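Q: Here you go, one structure.
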Amino acid sequence: MKKLLTILILPFSFLIFAQESKESNWILKLNATQLVDVLSYPTLQISAERKINPYFSVNAEFGYQLYDFNKQNITILKSKGFKTNLEGRVYLFKLMNSRIESKRSEFYIGLQLFYRENESTNSLEYSPKDDDSIQYTDYFGTKRTAKGFNIMFGNQISVSKKIILEPYIGLGIMDRKINNIDIEYNKTNDQILGSDTVPLFKRLDLEESSGNAFNFCFGLRIGYRL
């Protein structure tokens, strides 16, 4: 009877173990920072990480724009957009010694390829360079695309057996293309009005900001280990 019981239980034990092992290789994450991204545009961004082995993984992420912090009185283009990236990671300390057990905190370095695209209505105040007593408000459409790569540095922190926090920063280069619709402002004849950094940020919505640029990103993901 004991032998029969062992024969019946053993396959189920292997099945449960295999299932646990398989599930532990996947982590689903919400990018909390992207929900309130005011530097580009906010997105609901979800990612899935697949551990290939103890020290290497692949993380795929996609986000869709649901709202706009910079809504204008006049609509030239409706706000919409998306962000996507694919990242290969090396968990450095695991790589140096693959036999060590998982820690509560695991540092990683990654290479991330990204693409993002959106369109929106924007505005700026300007005046002619030869007569700054006259002021205009210009409403115009902006279509943007950006693609590039980042070197990522992050830390995967296990809050519990299932919940993880993942702060990260990234440095890289991007190729940005901007197209303006129905714009009246002309940088040759006009000047953007505003104090401090206002003109600088307004130029980020203009075609003159197209081209290669340095990219910096940071954020926090909240994950659930399957």
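Naming works like this for the structure tokens: A, B, ... for the chains as they're shown, residue 1 at the start of each chain, ligands 1 onward in shown order.
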Could you list, as a PyMOL selection string, every residue within 9 Å of range 29-37 of chain A, counting only C-alpha atoms and ignoring same-chain residues fewer than 3 positions away?
A: chain A and resi 40-49+61+63+65+69+164-166+218-225
Q: How would the residues just chosen look if you wrote them out with C-alpha atoms as a short mmCIF file (atom, residue, chain, number, x, y, z; two decimals), in the first residue's frame?
A:
data_model
loop_
_atom_site.label_atom_id
_atom_site.label_comp_id
_atom_site.auth_asym_id
_atom_site.auth_seq_id
_atom_site.Cartn_x
_atom_site.Cartn_y
_atom_site.Cartn_z
CA SER A 40 6.94 63.55 -21.97
CA TYR A 41 3.39 62.20 -21.50
CA PRO A 42 1.75 59.87 -18.96
CA THR A 43 0.99 56.26 -19.86
CA LEU A 44 -0.46 53.19 -18.23
CA GLN A 45 2.63 51.02 -18.66
CA ILE A 46 2.82 47.28 -17.97
CA SER A 47 5.83 44.99 -18.31
CA ALA A 48 6.60 41.28 -18.07
CA GLU A 49 10.00 39.95 -17.09
CA GLU A 61 7.14 46.78 -21.60
CA GLY A 63 2.31 51.68 -22.26
CA GLN A 65 -1.55 57.19 -23.08
CA PHE A 69 -1.86 66.95 -18.16
CA ILE A 164 8.84 43.33 -5.67
CA LEU A 165 9.89 46.98 -6.03
CA GLU A 166 12.18 47.97 -8.87
CA PHE A 218 14.32 57.05 -13.98
CA GLY A 219 11.39 55.41 -12.28
CA LEU A 220 9.87 52.78 -10.06
CA ARG A 221 8.09 49.56 -11.03
CA ILE A 222 5.85 47.55 -8.71
CA GLY A 223 5.80 43.86 -9.54
CA TYR A 224 4.06 40.59 -8.72
CA ARG A 225 6.00 37.35 -8.98
#
Q: Env of Gly170 in chain A: 7 Å cut, atoms = only C-alpha atoms, seq-sep filter 5 positions within chain, self excluded. Answer as a PyMOL selection string.
A: chain A and resi 150-153+216-218
Q: Using the selection just defined, write its residues with all heavy atoms as a short mmCIF file (atom, residue, chain, number, x, y, z; two decimals), in the first residue's frame.
A:
data_model
loop_
_atom_site.label_atom_id
_atom_site.label_comp_id
_atom_site.auth_asym_id
_atom_site.auth_seq_id
_atom_site.Cartn_x
_atom_site.Cartn_y
_atom_site.Cartn_z
N ASN A 150 19.04 52.77 -24.09
CA ASN A 150 19.50 53.19 -22.77
C ASN A 150 20.34 52.09 -22.14
O ASN A 150 20.05 50.90 -22.32
CB ASN A 150 18.32 53.47 -21.83
CG ASN A 150 17.53 54.70 -22.24
OD1 ASN A 150 18.10 55.73 -22.58
ND2 ASN A 150 16.21 54.59 -22.20
N ILE A 151 21.35 52.47 -21.39
CA ILE A 151 22.03 51.57 -20.47
C ILE A 151 21.31 51.72 -19.13
O ILE A 151 21.25 52.82 -18.57
CB ILE A 151 23.52 51.90 -20.32
CG1 ILE A 151 24.21 51.90 -21.69
CG2 ILE A 151 24.19 50.90 -19.38
CD1 ILE A 151 24.17 50.57 -22.40
N MET A 152 20.75 50.63 -18.63
CA MET A 152 19.90 50.67 -17.45
C MET A 152 20.63 50.15 -16.21
O MET A 152 21.38 49.17 -16.29
CB MET A 152 18.63 49.85 -17.68
CG MET A 152 17.83 50.24 -18.91
SD MET A 152 17.18 51.93 -18.84
CE MET A 152 16.06 51.81 -17.44
N PHE A 153 20.35 50.80 -15.09
CA PHE A 153 20.87 50.36 -13.79
C PHE A 153 19.69 50.29 -12.83
O PHE A 153 18.97 51.27 -12.67
CB PHE A 153 21.92 51.34 -13.25
CG PHE A 153 23.06 51.59 -14.19
CD1 PHE A 153 22.99 52.62 -15.12
CD2 PHE A 153 24.19 50.78 -14.17
CE1 PHE A 153 24.04 52.87 -16.00
CE2 PHE A 153 25.25 51.01 -15.03
CZ PHE A 153 25.17 52.05 -15.96
N PHE A 216 17.76 60.58 -20.61
CA PHE A 216 17.88 60.17 -19.21
C PHE A 216 16.50 59.75 -18.73
O PHE A 216 15.50 60.42 -19.01
CB PHE A 216 18.40 61.32 -18.35
CG PHE A 216 18.34 61.03 -16.86
CD1 PHE A 216 19.25 60.16 -16.28
CD2 PHE A 216 17.38 61.62 -16.07
CE1 PHE A 216 19.20 59.88 -14.92
CE2 PHE A 216 17.31 61.35 -14.70
CZ PHE A 216 18.24 60.48 -14.13
N CYS A 217 16.44 58.64 -18.03
CA CYS A 217 15.15 58.19 -17.49
C CYS A 217 15.35 57.62 -16.09
O CYS A 217 16.45 57.20 -15.73
CB CYS A 217 14.50 57.16 -18.40
SG CYS A 217 15.45 55.63 -18.60
N PHE A 218 14.29 57.64 -15.32
CA PHE A 218 14.32 57.05 -13.98
C PHE A 218 12.89 56.66 -13.63
O PHE A 218 11.92 57.13 -14.25
CB PHE A 218 14.86 58.05 -12.95
CG PHE A 218 13.96 59.25 -12.74
CD1 PHE A 218 13.02 59.26 -11.72
CD2 PHE A 218 14.06 60.36 -13.57
CE1 PHE A 218 12.20 60.36 -11.53
CE2 PHE A 218 13.24 61.46 -13.38
CZ PHE A 218 12.30 61.46 -12.36
#
Q: Show me, as an mmCIF file with N, CA and C atoms, in the first residue's frame, the residues that have an atom within 10 Å of range 105-116 of chain A when counting only C-alpha atoms, minus same-chain residues fewer than 4 positions from it.
A:
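Result file part_6.cif:
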data_model
loop_
_atom_site.group_PDB
_atom_site.id
_atom_site.type_symbol
_atom_site.label_atom_id
_atom_site.label_comp_id
_atom_site.auth_asym_id
_atom_site.auth_seq_id
_atom_site.Cartn_x
_atom_site.Cartn_y
_atom_site.Cartn_z
ATOM 1 N N SER A 40 7.351 63.909 -20.606
ATOM 2 C CA SER A 40 6.940 63.553 -21.973
ATOM 3 C C SER A 40 5.411 63.474 -22.014
ATOM 4 N N TYR A 55 20.809 34.529 -13.664
ATOM 5 C CA TYR A 55 21.500 35.814 -13.805
ATOM 6 C C TYR A 55 21.147 36.583 -15.074
ATOM 7 N N PHE A 56 20.259 36.055 -15.917
ATOM 8 C CA PHE A 56 19.895 36.764 -17.147
ATOM 9 C C PHE A 56 18.383 36.732 -17.338
ATOM 10 N N SER A 57 17.814 37.879 -17.786
ATOM 11 C CA SER A 57 16.377 37.936 -18.024
ATOM 12 C C SER A 57 16.067 38.910 -19.159
ATOM 13 N N VAL A 58 14.838 38.835 -19.650
ATOM 14 C CA VAL A 58 14.340 39.750 -20.682
ATOM 15 C C VAL A 58 13.079 40.410 -20.146
ATOM 16 N N ASN A 59 13.011 41.745 -20.286
ATOM 17 C CA ASN A 59 11.858 42.507 -19.817
ATOM 18 C C ASN A 59 11.234 43.249 -20.999
ATOM 19 N N ALA A 60 9.952 42.999 -21.275
ATOM 20 C CA ALA A 60 9.228 43.674 -22.354
ATOM 21 C C ALA A 60 8.152 44.555 -21.733
ATOM 22 N N GLU A 61 8.042 45.804 -22.226
ATOM 23 C CA GLU A 61 7.137 46.779 -21.605
ATOM 24 C C GLU A 61 6.345 47.530 -22.671
ATOM 25 N N PHE A 62 5.078 47.799 -22.352
ATOM 26 C CA PHE A 62 4.221 48.564 -23.268
ATOM 27 C C PHE A 62 3.331 49.485 -22.458
ATOM 28 N N GLY A 63 3.176 50.722 -22.932
ATOM 29 C CA GLY A 63 2.314 51.683 -22.258
ATOM 30 C C GLY A 63 1.459 52.457 -23.237
ATOM 31 N N TYR A 64 0.227 52.786 -22.817
ATOM 32 C CA TYR A 64 -0.703 53.530 -23.672
ATOM 33 C C TYR A 64 -1.141 54.804 -22.946
ATOM 34 N N GLY A 81 -1.038 58.330 -27.616
ATOM 35 C CA GLY A 81 0.321 57.875 -27.829
ATOM 36 C C GLY A 81 0.596 56.561 -27.127
ATOM 37 N N PHE A 82 1.791 56.044 -27.358
ATOM 38 C CA PHE A 82 2.200 54.811 -26.700
ATOM 39 C C PHE A 82 3.715 54.798 -26.541
ATOM 40 N N LYS A 83 4.193 53.942 -25.633
ATOM 41 C CA LYS A 83 5.621 53.734 -25.400
ATOM 42 C C LYS A 83 5.875 52.236 -25.318
ATOM 43 N N THR A 84 6.989 51.803 -25.851
ATOM 44 C CA THR A 84 7.338 50.387 -25.768
ATOM 45 C C THR A 84 8.852 50.241 -25.666
ATOM 46 N N ASN A 85 9.286 49.218 -24.973
ATOM 47 C CA ASN A 85 10.722 48.954 -24.902
ATOM 48 C C ASN A 85 10.979 47.472 -24.648
ATOM 49 N N LEU A 86 12.174 47.048 -24.994
ATOM 50 C CA LEU A 86 12.630 45.674 -24.780
ATOM 51 C C LEU A 86 14.011 45.750 -24.149
ATOM 52 N N GLU A 87 14.176 45.017 -23.052
ATOM 53 C CA GLU A 87 15.404 45.146 -22.267
ATOM 54 C C GLU A 87 15.983 43.780 -21.906
ATOM 55 N N GLY A 88 17.261 43.603 -22.176
ATOM 56 C CA GLY A 88 17.980 42.427 -21.710
ATOM 57 C C GLY A 88 18.770 42.782 -20.463
ATOM 58 N N ARG A 89 18.691 41.945 -19.428
ATOM 59 C CA ARG A 89 19.307 42.268 -18.139
ATOM 60 C C ARG A 89 20.304 41.208 -17.692
ATOM 61 N N VAL A 90 21.321 41.672 -17.008
ATOM 62 C CA VAL A 90 22.262 40.780 -16.324
ATOM 63 C C VAL A 90 22.251 41.144 -14.843
ATOM 64 N N TYR A 91 21.926 40.158 -14.011
ATOM 65 C CA TYR A 91 22.002 40.354 -12.561
ATOM 66 C C TYR A 91 23.439 40.076 -12.148
ATOM 67 N N LEU A 92 24.147 41.168 -11.899
ATOM 68 C CA LEU A 92 25.609 41.145 -11.847
ATOM 69 C C LEU A 92 26.169 40.195 -10.792
ATOM 70 N N PHE A 93 25.655 40.279 -9.576
ATOM 71 C CA PHE A 93 26.211 39.447 -8.496
ATOM 72 C C PHE A 93 25.878 37.976 -8.702
ATOM 73 N N LYS A 94 24.704 37.707 -9.317
ATOM 74 C CA LYS A 94 24.361 36.330 -9.656
ATOM 75 C C LYS A 94 25.302 35.790 -10.730
ATOM 76 N N LEU A 95 25.693 36.656 -11.674
ATOM 77 C CA LEU A 95 26.597 36.227 -12.751
ATOM 78 C C LEU A 95 27.963 35.856 -12.187
ATOM 79 N N ARG A 144 5.103 63.452 -32.482
ATOM 80 C CA ARG A 144 6.463 63.108 -32.076
ATOM 81 C C ARG A 144 6.717 61.607 -32.212
ATOM 82 N N THR A 145 7.909 61.263 -32.606
ATOM 83 C CA THR A 145 8.404 59.886 -32.487
ATOM 84 C C THR A 145 9.808 59.950 -31.914
ATOM 85 N N ALA A 146 10.168 58.949 -31.144
ATOM 86 C CA ALA A 146 11.526 58.872 -30.594
ATOM 87 C C ALA A 146 11.921 57.408 -30.492
ATOM 88 N N LYS A 147 13.144 57.130 -30.888
ATOM 89 C CA LYS A 147 13.670 55.772 -30.770
ATOM 90 C C LYS A 147 15.131 55.851 -30.355
ATOM 91 N N GLY A 148 15.595 54.833 -29.637
ATOM 92 C CA GLY A 148 16.973 54.854 -29.196
ATOM 93 C C GLY A 148 17.272 53.723 -28.237
ATOM 94 N N PHE A 149 18.328 53.915 -27.438
ATOM 95 C CA PHE A 149 18.695 52.877 -26.484
ATOM 96 C C PHE A 149 19.157 53.520 -25.177
ATOM 97 N N ASN A 150 19.036 52.768 -24.093
ATOM 98 C CA ASN A 150 19.499 53.190 -22.771
ATOM 99 C C ASN A 150 20.339 52.085 -22.139
ATOM 100 N N ILE A 151 21.351 52.475 -21.391
ATOM 101 C CA ILE A 151 22.030 51.566 -20.469
ATOM 102 C C ILE A 151 21.308 51.717 -19.130
ATOM 103 N N MET A 152 20.750 50.630 -18.631
ATOM 104 C CA MET A 152 19.898 50.673 -17.448
ATOM 105 C C MET A 152 20.628 50.147 -16.214
ATOM 106 N N PHE A 153 20.354 50.799 -15.088
ATOM 107 C CA PHE A 153 20.872 50.359 -13.786
ATOM 108 C C PHE A 153 19.688 50.288 -12.829
ATOM 109 N N GLY A 154 19.494 49.139 -12.221
ATOM 110 C CA GLY A 154 18.333 48.993 -11.349
ATOM 111 C C GLY A 154 18.571 48.034 -10.209
ATOM 112 N N ASN A 155 17.594 47.977 -9.340
ATOM 113 C CA ASN A 155 17.672 47.109 -8.175
ATOM 114 C C ASN A 155 16.304 46.463 -7.977
ATOM 115 N N GLN A 156 16.274 45.146 -7.957
ATOM 116 C CA GLN A 156 15.010 44.422 -7.763
ATOM 117 C C GLN A 156 14.926 44.006 -6.296
ATOM 118 N N ILE A 157 13.995 44.632 -5.577
ATOM 119 C CA ILE A 157 13.881 44.452 -4.137
ATOM 120 C C ILE A 157 12.648 43.610 -3.830
ATOM 121 N N SER A 158 12.839 42.496 -3.139
ATOM 122 C CA SER A 158 11.729 41.621 -2.754
ATOM 123 C C SER A 158 11.138 42.112 -1.433
ATOM 124 N N VAL A 159 9.930 42.677 -1.515
ATOM 125 C CA VAL A 159 9.225 43.116 -0.309
ATOM 126 C C VAL A 159 8.639 41.910 0.421
ATOM 127 N N ILE A 164 7.509 42.742 -5.490
ATOM 128 C CA ILE A 164 8.837 43.335 -5.668
ATOM 129 C C ILE A 164 8.713 44.820 -6.003
ATOM 130 N N LEU A 165 9.733 45.577 -5.622
ATOM 131 C CA LEU A 165 9.885 46.976 -6.027
ATOM 132 C C LEU A 165 11.137 47.064 -6.888
ATOM 133 N N GLU A 166 11.070 47.907 -7.927
ATOM 134 C CA GLU A 166 12.180 47.969 -8.869
ATOM 135 C C GLU A 166 12.507 49.415 -9.234
ATOM 136 N N TYR A 168 14.910 52.269 -10.839
ATOM 137 C CA TYR A 168 15.880 52.188 -11.935
ATOM 138 C C TYR A 168 16.226 53.574 -12.445
ATOM 139 N N GLY A 170 18.338 55.250 -16.185
ATOM 140 C CA GLY A 170 18.897 54.880 -17.483
ATOM 141 C C GLY A 170 19.541 56.064 -18.177
ATOM 142 N N LEU A 171 20.615 55.806 -18.908
ATOM 143 C CA LEU A 171 21.321 56.822 -19.686
ATOM 144 C C LEU A 171 21.463 56.311 -21.113
ATOM 145 N N GLY A 172 21.172 57.192 -22.090
ATOM 146 C CA GLY A 172 21.268 56.725 -23.466
ATOM 147 C C GLY A 172 21.169 57.838 -24.487
ATOM 148 N N MET A 174 18.808 59.106 -28.074
ATOM 149 C CA MET A 174 17.597 58.894 -28.860
ATOM 150 C C MET A 174 17.598 59.771 -30.110
ATOM 151 N N ASP A 175 16.902 59.290 -31.111
ATOM 152 C CA ASP A 175 16.660 60.037 -32.346
ATOM 153 C C ASP A 175 15.207 60.502 -32.300
ATOM 154 N N ARG A 176 15.017 61.808 -32.217
ATOM 155 C CA ARG A 176 13.681 62.379 -32.028
ATOM 156 C C ARG A 176 13.240 63.097 -33.301
#
Q: Smallest atom-to-atom distance to Thr75 in chain A: which of A:Gly211, A:Pro167, A:Gly141, A:Gly194, using only C-alpha atoms?
A: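 Ranked by minimum distance to Thr75 in chain A, first place goes to A:Gly141.
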Q: Could you pull out the strand (DSSP E) residues of range 86-188 of chain A, going by DSSP on the backbone, and write them as a ChimeraX atom specification?
A: /A:86-91,105-128,136-158,163-181
Q: Looking at only C-alpha atoms, which of A:Asn25, A:Thr137, A:Lys51, A:Leu204 is the one that sits closest to Ile74 in chain A?
A: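 For Ile74 in chain A, the nearest of the candidates is A:Thr137.
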